[in-house]
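Visitor: Contents of final.cif (mmCIF, C-alpha atoms and all ligand atoms):
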```cif
data_work
loop_
_atom_site.label_atom_id
_atom_site.label_comp_id
_atom_site.auth_asym_id
_atom_site.auth_seq_id
_atom_site.Cartn_x
_atom_site.Cartn_y
_atom_site.Cartn_z
CA MET J 90 87.37 -83.04 -67.57
CA LYS J 91 85.25 -80.91 -69.89
CA ILE J 92 86.83 -79.35 -72.90
CA ARG J 93 85.38 -75.98 -73.78
CA PHE J 94 85.64 -74.73 -77.32
CA GLU J 95 86.77 -71.12 -77.41
CA PRO J 96 86.51 -69.63 -80.88
CA ARG J 97 89.53 -67.40 -80.27
CA GLY J 98 90.29 -67.22 -83.94
CA LEU J 99 87.02 -65.44 -84.67
CA ALA J 100 87.27 -62.24 -82.64
CA PRO J 101 89.99 -60.56 -84.74
CA VAL J 102 88.05 -61.43 -87.91
CA VAL J 103 84.88 -59.76 -86.59
CA ALA J 104 86.88 -56.74 -85.41
CA ALA J 105 88.51 -56.42 -88.83
CA ALA J 106 85.12 -56.62 -90.54
CA ALA J 107 83.84 -53.84 -88.28
CA LEU J 108 86.86 -51.70 -89.14
CA LEU J 109 86.37 -52.30 -92.84
CA ALA J 110 82.71 -51.35 -92.51
CA GLY J 111 83.88 -48.12 -90.87
CA CYS J 112 81.91 -48.54 -87.65
CA SER J 113 82.94 -49.26 -84.10
CA SER J 114 80.01 -51.51 -83.25
CA VAL J 115 78.56 -54.11 -85.58
CA SER J 116 74.81 -53.87 -85.95
CA LEU J 117 73.72 -57.36 -86.91
CA ALA J 118 69.95 -56.90 -87.03
CA PRO J 119 67.65 -54.12 -88.11
CA THR J 120 65.80 -52.41 -85.30
CA ARG J 121 63.19 -54.59 -83.67
CA ASP J 122 60.22 -53.87 -81.45
CA GLY J 123 61.38 -52.63 -78.07
CA GLU J 124 64.73 -51.33 -79.37
CA LEU J 125 63.71 -47.84 -80.42
CA ALA J 126 64.93 -45.44 -77.70
CA ILE J 127 63.15 -42.29 -76.57
CA PRO J 128 64.74 -39.68 -78.85
CA ALA J 129 66.64 -36.96 -76.97
CA GLY J 130 65.07 -33.58 -77.51
CA TYR J 131 61.73 -34.85 -78.80
CA LYS J 132 59.95 -32.26 -76.63
CA SER J 133 61.08 -29.58 -79.06
CA TRP J 134 59.74 -31.49 -82.07
CA PRO J 135 56.62 -30.31 -83.89
CA LYS J 136 53.34 -31.66 -82.56
CA PHE J 137 51.52 -34.19 -84.70
CA LEU J 138 48.44 -33.64 -82.52
CA SER J 139 48.09 -32.09 -79.08
CA ALA J 140 45.88 -32.93 -76.08
CA VAL J 141 44.28 -35.94 -77.77
CA GLN J 142 41.22 -36.73 -75.64
CA ARG J 143 40.84 -40.39 -74.72
CA PRO J 144 38.11 -40.58 -72.07
CA ASP J 145 37.68 -44.29 -72.89
CA ALA J 146 41.27 -44.93 -71.79
CA LYS J 147 41.11 -42.20 -69.09
CA GLN J 148 44.07 -40.52 -70.76
CA VAL J 149 45.24 -37.39 -72.53
CA ARG J 150 47.94 -37.82 -75.15
CA GLU J 151 50.57 -35.59 -76.75
CA ILE J 152 51.95 -36.76 -80.08
CA TYR J 153 55.27 -35.41 -81.41
CA MET J 154 56.79 -36.10 -84.83
CA ASP J 155 60.41 -35.68 -85.82
CA PRO J 156 60.97 -32.51 -87.87
CA ALA J 157 61.56 -34.39 -91.17
CA ALA J 158 57.94 -35.61 -91.00
CA ARG J 159 56.89 -32.03 -91.79
CA HIS J 160 57.57 -32.81 -95.43
CA ALA J 161 55.08 -35.69 -95.47
CA SER J 162 51.72 -35.30 -97.17
CA ALA J 163 48.55 -37.35 -97.01
CA GLN J 164 49.45 -38.59 -100.49
CA SER J 165 53.08 -39.51 -99.78
CA GLY J 166 52.73 -40.99 -96.30
CA PHE J 167 55.67 -40.71 -93.90
CA PRO J 168 59.23 -41.20 -95.22
CA ASN J 169 61.70 -43.75 -93.91
CA GLY J 170 63.37 -42.24 -90.86
CA THR J 171 60.12 -40.92 -89.41
CA VAL J 172 59.76 -41.25 -85.63
CA PHE J 173 56.70 -40.49 -83.51
CA VAL J 174 56.68 -40.10 -79.74
CA MET J 175 53.41 -40.24 -77.83
CA GLU J 176 53.15 -39.24 -74.19
CA ASN J 177 50.23 -40.87 -72.41
CA TYR J 178 49.01 -38.94 -69.37
CA ALA J 179 46.47 -40.26 -66.89
CA ALA J 180 43.41 -38.01 -66.90
CA ARG J 181 42.66 -36.41 -63.51
CA THR J 182 39.55 -37.65 -61.74
CA ASN J 183 37.09 -36.02 -59.35
CA THR J 184 36.65 -37.35 -55.81
CA ASP J 185 33.74 -39.48 -57.02
CA GLY J 186 36.03 -41.13 -59.59
CA SER J 187 34.48 -39.43 -62.63
CA LEU J 188 36.80 -37.74 -65.11
CA ALA J 189 37.61 -34.13 -64.25
CA SER J 190 37.43 -31.43 -66.89
CA GLY J 191 39.11 -28.04 -67.06
CA PRO J 192 37.62 -24.61 -67.86
CA ASP J 193 37.93 -25.47 -71.57
CA GLY J 194 35.77 -28.58 -71.03
CA LYS J 195 38.72 -30.85 -71.80
CA LEU J 196 40.22 -33.63 -69.72
CA VAL J 197 42.93 -32.52 -67.30
CA LYS J 198 46.41 -33.98 -67.65
CA GLY J 199 47.67 -35.86 -64.59
CA ASP J 200 50.75 -38.07 -64.27
CA LEU J 201 52.71 -39.21 -67.29
CA VAL J 202 52.26 -42.99 -67.40
CA ARG J 203 53.85 -44.11 -70.68
CA ILE J 204 56.01 -42.92 -73.53
CA PHE J 205 55.28 -44.79 -76.76
CA VAL J 206 57.69 -44.58 -79.68
CA MET J 207 57.20 -45.78 -83.22
CA GLY J 208 59.57 -45.37 -86.12
CA LYS J 209 60.06 -46.66 -89.63
CA ASN J 210 63.17 -47.29 -91.68
CA ALA J 211 64.42 -49.61 -94.40
CA GLY J 212 64.62 -53.18 -93.12
CA TRP J 213 63.12 -52.45 -89.70
CA GLY J 214 60.66 -55.05 -88.41
CA ALA J 215 61.94 -57.55 -90.99
CA ASP J 216 61.76 -60.35 -88.41
CA VAL J 217 58.05 -59.75 -87.73
CA PRO J 218 55.78 -62.49 -89.11
CA GLU J 219 54.01 -61.25 -92.25
CA PRO J 220 50.45 -61.13 -90.82
CA LEU J 221 51.64 -58.74 -88.08
CA ARG J 222 53.98 -56.62 -90.15
CA ASN J 223 53.15 -52.90 -90.21
CA GLY J 224 55.19 -51.93 -93.24
CA ASN J 225 58.60 -51.22 -91.68
CA TRP J 226 57.33 -49.57 -88.49
CA VAL J 227 58.62 -50.82 -85.15
CA TYR J 228 57.22 -50.06 -81.69
CA ALA J 229 58.60 -49.46 -78.21
CA ALA J 230 56.98 -48.59 -74.89
CA TRP J 231 58.78 -46.86 -72.00
CA LEU J 232 57.97 -45.88 -68.44
CA PRO J 233 58.44 -42.23 -67.45
CA ASN J 234 61.65 -43.20 -65.61
CA GLY J 235 63.14 -44.41 -68.89
CA GLN J 236 62.82 -48.12 -68.17
CA LYS J 237 61.14 -50.54 -70.54
CA ALA J 238 57.38 -50.80 -69.97
CA PRO J 239 56.04 -54.32 -69.45
CA ASP J 240 53.63 -53.93 -72.39
CA ASP J 241 53.14 -56.68 -74.97
CA LEU J 242 54.33 -55.02 -78.18
CA ALA J 243 52.36 -57.45 -80.36
CA THR J 244 49.22 -55.60 -79.21
CA CYS J 245 50.60 -52.35 -80.69
CA ARG J 246 50.97 -54.02 -84.08
CA ALA J 247 47.59 -55.71 -83.92
CA CYS J 248 45.73 -52.45 -83.31
CA HIS J 249 47.69 -50.30 -85.83
CA LEU J 250 47.68 -53.12 -88.45
CA PRO J 251 44.30 -52.45 -90.13
CA LEU J 252 45.43 -48.88 -90.96
CA ALA J 253 47.76 -49.77 -93.85
CA SER J 254 45.98 -47.30 -96.15
CA GLN J 255 47.05 -44.45 -93.85
CA ASP J 256 50.59 -45.65 -93.16
CA PHE J 257 49.45 -47.40 -89.92
CA VAL J 258 48.91 -44.01 -88.24
CA PRO J 259 45.42 -43.84 -86.62
CA ARG J 260 44.84 -40.07 -86.71
CA TYR J 261 46.44 -39.59 -90.11
CA ASN J 262 43.42 -37.87 -91.67
CA GLU J 263 42.86 -35.68 -88.62
CA HIS J 264 46.50 -34.54 -88.76
CA PHE J 265 46.60 -33.71 -92.47
CA ALA J 266 43.22 -31.99 -92.29
CA ARG J 267 44.79 -29.54 -89.80
CA ARG J 268 47.90 -28.70 -91.80
C1 LIG K 1 43.70 -50.57 -79.11
C2 LIG K 1 44.43 -49.90 -80.16
C3 LIG K 1 45.87 -49.49 -79.95
C4 LIG K 1 46.88 -50.17 -79.33
C5 LIG K 1 46.82 -51.51 -78.63
C6 LIG K 1 48.07 -49.34 -79.47
N1 LIG K 1 47.80 -48.21 -80.17
FE1 LIG K 1 49.13 -46.77 -80.69
N2 LIG K 1 47.60 -45.59 -81.25
C7 LIG K 1 46.27 -45.95 -81.29
C8 LIG K 1 45.47 -44.79 -81.61
C9 LIG K 1 43.95 -44.77 -81.78
C10 LIG K 1 46.36 -43.71 -81.73
C11 LIG K 1 46.03 -42.25 -82.02
C12 LIG K 1 46.02 -41.43 -80.73
C13 LIG K 1 44.88 -41.78 -79.82
O1 LIG K 1 43.72 -41.72 -80.23
O2 LIG K 1 45.15 -42.14 -78.65
C14 LIG K 1 47.70 -44.27 -81.53
C15 LIG K 1 48.86 -43.53 -81.66
C16 LIG K 1 50.12 -44.00 -81.45
C17 LIG K 1 51.34 -43.24 -81.61
C18 LIG K 1 51.44 -41.83 -82.14
C19 LIG K 1 51.69 -41.87 -83.64
C20 LIG K 1 50.49 -42.32 -84.39
O3 LIG K 1 50.56 -43.38 -85.06
O4 LIG K 1 49.44 -41.65 -84.30
C21 LIG K 1 52.36 -44.04 -81.22
C22 LIG K 1 53.83 -43.69 -81.20
C23 LIG K 1 51.79 -45.31 -80.82
N3 LIG K 1 50.43 -45.26 -81.00
C24 LIG K 1 52.52 -46.38 -80.36
C25 LIG K 1 51.94 -47.50 -79.81
C26 LIG K 1 52.67 -48.50 -79.05
C27 LIG K 1 54.15 -48.48 -78.79
C28 LIG K 1 51.76 -49.43 -78.65
C29 LIG K 1 51.97 -50.67 -77.84
C30 LIG K 1 52.67 -50.56 -76.59
C31 LIG K 1 50.46 -49.00 -79.16
N4 LIG K 1 50.61 -47.85 -79.86
C32 LIG K 1 49.30 -49.71 -78.96
C33 LIG K 1 45.78 -47.20 -81.09
C34 LIG K 1 46.46 -48.23 -80.45
#
```
Please rewrite the model in this file as structure tokens.
Guide:
Amino acid sequence: MKIRFEPRGLAPVVAAAALLAGCSSVSLAPTRDGELAIPAGYKSWPKFLSAVQRPDAKQVREIYMDPAARHASAQSGFPNGTVFVMENYAARTNTDGSLASGPDGKLVKGDLVRIFVMGKNAGWGADVPEPLRNGNWVYAAWLPNGQKAPDDLATCRACHLPLASQDFVPRYNEHFARR
């Protein structure tokens, strides 16, 4: 007969600690890649950049920033608590497969294919190995139906990583030049 060890004594201790900390759920780890949810109401946030043209990726992208990011400057970078949401739309194609363009000469937005979220806060990403750490930014990728996208989140870090001088935000200069 197998004897299973049930640490019954522990549960009340953990519950008491949670009560003392004044929260109903104990958050044991800072937010990691993949854990950052799509923020409710992000569609009403200010745009960081709109209709970003990515013919190389056959996409058009809309980038939103949470309202607090309005106070950021090119000198200060983005404060802890900043969240960006990027909608990636497939660009429409012509019948011959070439990229379609609208009357304004720009790519035409088709289906939404991904929602990328990145956010920074104190202690976030602390478990990321140093060579891949992007300050305290963490990344998440979602499908339009709200489910997790099967994307490898290490690739997000690898591509944003060289941009430390602009807070790991690729179109930083373009954004601040337009303010
Ligand atoms: C090959 C390089 C590359 C990879 C891989 C990549 N990004 Fe980015 N990311 C960019 C560029 C460049 C932009 C600026 C917009 C544009 O040109 O499409 C950007 C913009 C963003 C933005 C908007 C805020 C900002 O920093 O401008 C978010 C959010 C974002 N990426 C999240 C992700 C996530 C999540 C992943 C992984 C699933 C990822 N990125 C993978 C290059 C990359």
Visitor: Between J:Thr120, J:Ser190, J:Pro259, J:Phe173, which one has atoms that come closest to Lys132 of chain J, using all atoms listed in the file?
Guide: J:Phe173
Visitor: Check the smallest atom-to-atom distance from each of J:Ala146, J:Leu188, J:Ala126, J:Met207 to ligand LIG 1 (chain K) using only C-alpha atoms and all ligand atoms, then report the winner.
Guide: J:Met207
Visitor: Please report, as AutoDock Vina command-line options, the centre and edge lengths in Å to one decimal of an axis-aligned box covering all listed atoms of segment 143-148 of chain J with 8 Å per side.
Guide:
```
--center_x 40.9 --center_y -42.7 --center_z -71.9 --size_x 22.4 --size_y 20.5 --size_z 21.6
```
Visitor: What's around Leu201 of chain J at 8 Å? Count all atoms listed in the file, leave out sequence neighbours fewer than 6 positions away in its own chain, and write the answer as a list in words.
Guide: Glu176, Asn177, Tyr178, Ala179 and Pro233 of chain J
Visitor: Which of these, J:Gly212, J:Arg150, J:Pro156, J:Ala161, has the shortest distance to Tyr261 of chain J once you count all atoms listed in the file?
Guide: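 Closest residue, counting all atoms listed in the file: J:Ala161.
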Visitor: Which one is closest to ligand LIG 1 (chain K): J:Lys237, J:Arg121, J:His160, J:Arg143? Count all atoms listed in the file.
Guide: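 Ranking J:Lys237, J:Arg121, J:His160, J:Arg143 by distance to ligand LIG 1 (chain K), first place goes to J:Arg143.
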Visitor: What does the distance between atom C6 of ligand LIG 1 (chain K) and atom CA of Cys248 of chain J come to in Å, to one decimal place?
Guide: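 Rounded to one decimal, the two atoms are 5.5 Å apart.
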Visitor: Looking at J:Asn183, J:Ser139, J:Thr171, J:Ser162, which one is nearest to Asn262 of chain J, with distances taken over only C-alpha atoms?
Guide: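 Under the stated criterion, the closest residue is J:Ser162.
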Visitor: Using all atoms listed in the file, what table do you get, as CSV, when you list each residue of chain J with an atom no more than 8 Å from ligand LIG 1 (chain K), its nearest pair of atoms, and their distance in Å rounded to one decimal, rows by chain then rising number?
Guide:
```
residue,atom,partner,partner_atom,distance
J:Phe137,CA,K:LIG1,C19,7.8
J:Val141,CA,K:LIG1,C13,6.2
J:Gln142,CA,K:LIG1,O1,7.2
J:Arg143,CA,K:LIG1,O2,6.1
J:Val149,CA,K:LIG1,O2,7.7
J:Arg150,CA,K:LIG1,O2,6.2
J:Ile152,CA,K:LIG1,C18,5.5
J:Tyr153,CA,K:LIG1,C18,7.5
J:Met154,CA,K:LIG1,C19,7.8
J:Val172,CA,K:LIG1,C22,7.8
J:Phe173,CA,K:LIG1,C22,4.9
J:Val174,CA,K:LIG1,C22,4.8
J:Met175,CA,K:LIG1,C22,4.8
J:Ile204,CA,K:LIG1,C27,7.9
J:Phe205,CA,K:LIG1,C27,4.4
J:Val206,CA,K:LIG1,C22,4.2
J:Met207,CA,K:LIG1,C22,4.5
J:Gly208,CA,K:LIG1,C22,7.7
J:Tyr228,CA,K:LIG1,C27,4.5
J:Ala229,CA,K:LIG1,C27,4.6
J:Ala230,CA,K:LIG1,C27,4.8
J:Asp240,CA,K:LIG1,C30,5.5
J:Asp241,CA,K:LIG1,C30,6.3
J:Leu242,CA,K:LIG1,C29,5.0
J:Ala243,CA,K:LIG1,C29,7.2
J:Thr244,CA,K:LIG1,C5,4.8
J:Cys245,CA,K:LIG1,C32,3.4
J:Arg246,CA,K:LIG1,C32,6.9
J:Ala247,CA,K:LIG1,C5,6.8
J:Cys248,CA,K:LIG1,C2,4.3
J:His249,CA,K:LIG1,C34,5.9
J:Phe257,CA,K:LIG1,O3,6.4
J:Val258,CA,K:LIG1,O3,3.6
J:Pro259,CA,K:LIG1,C11,4.9
J:Arg260,CA,K:LIG1,C11,5.3
J:Tyr261,CA,K:LIG1,O4,6.9
```
Visitor: Figure out the distance between atom CA of Val197 of chain J and atom CA of Ala180 of chain J, please, to one decimal in Å.
Guide: 5.5 Å
Visitor: How would you write as a list in words the residues that get within 9 Å of (64.0, -42.7, -95.6) in the file's frame, counting all atoms listed in the file?
Guide: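 Residues lying no farther than 9 Å from the given point: Phe167, Pro168, Asn169, Gly170, Thr171, Lys209, Asn210 and Ala211 of chain J.
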Visitor: Would you write out those residues with C-alpha atoms, as a PDB file, in the coordinates of the input?
Guide:
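Output saved as out-v2.pdb:
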```pdb
ATOM      1  CA  PHE J 167      55.670 -40.710 -93.900  1.00  0.00           C
ATOM      2  CA  PRO J 168      59.230 -41.200 -95.220  1.00  0.00           C
ATOM      3  CA  ASN J 169      61.700 -43.750 -93.910  1.00  0.00           C
ATOM      4  CA  GLY J 170      63.370 -42.240 -90.860  1.00  0.00           C
ATOM      5  CA  THR J 171      60.120 -40.920 -89.410  1.00  0.00           C
ATOM      6  CA  LYS J 209      60.060 -46.660 -89.630  1.00  0.00           C
ATOM      7  CA  ASN J 210      63.170 -47.290 -91.680  1.00  0.00           C
ATOM      8  CA  ALA J 211      64.420 -49.610 -94.400  1.00  0.00           C
TER       9      ALA J 211
END
```
Visitor: Kindly indicate which residue among J:Pro220, J:Gly214, J:Pro239, J:Gly166 lies nearest to Asp122 of chain J, using all atoms listed in the file for the distances.
Guide: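 Using all atoms listed in the file, the shortest distance to Asp122 of chain J belongs to J:Gly214.
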Visitor: Could you please determine the separation between atom CA of Arg203 of chain J and atom CA of Gly191 of chain J in Å, to one decimal place?
Guide: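 Computing it gives 22.1 Å between the two atoms.
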Visitor: Would you kindly return, as a list in words, each protein, DNA or RNA residue with an atom no farther than 12 Å from any atom of Asp216 of chain J, considering only C-alpha atoms and excluding same-chain residues fewer than 5 positions away?
Guide: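 Everything that qualifies: Ala118, Pro119, Thr120, Arg121, Asp122, Leu221, Arg222, Asn223, Gly224, Asn225, Trp226 and Val227 of chain J.
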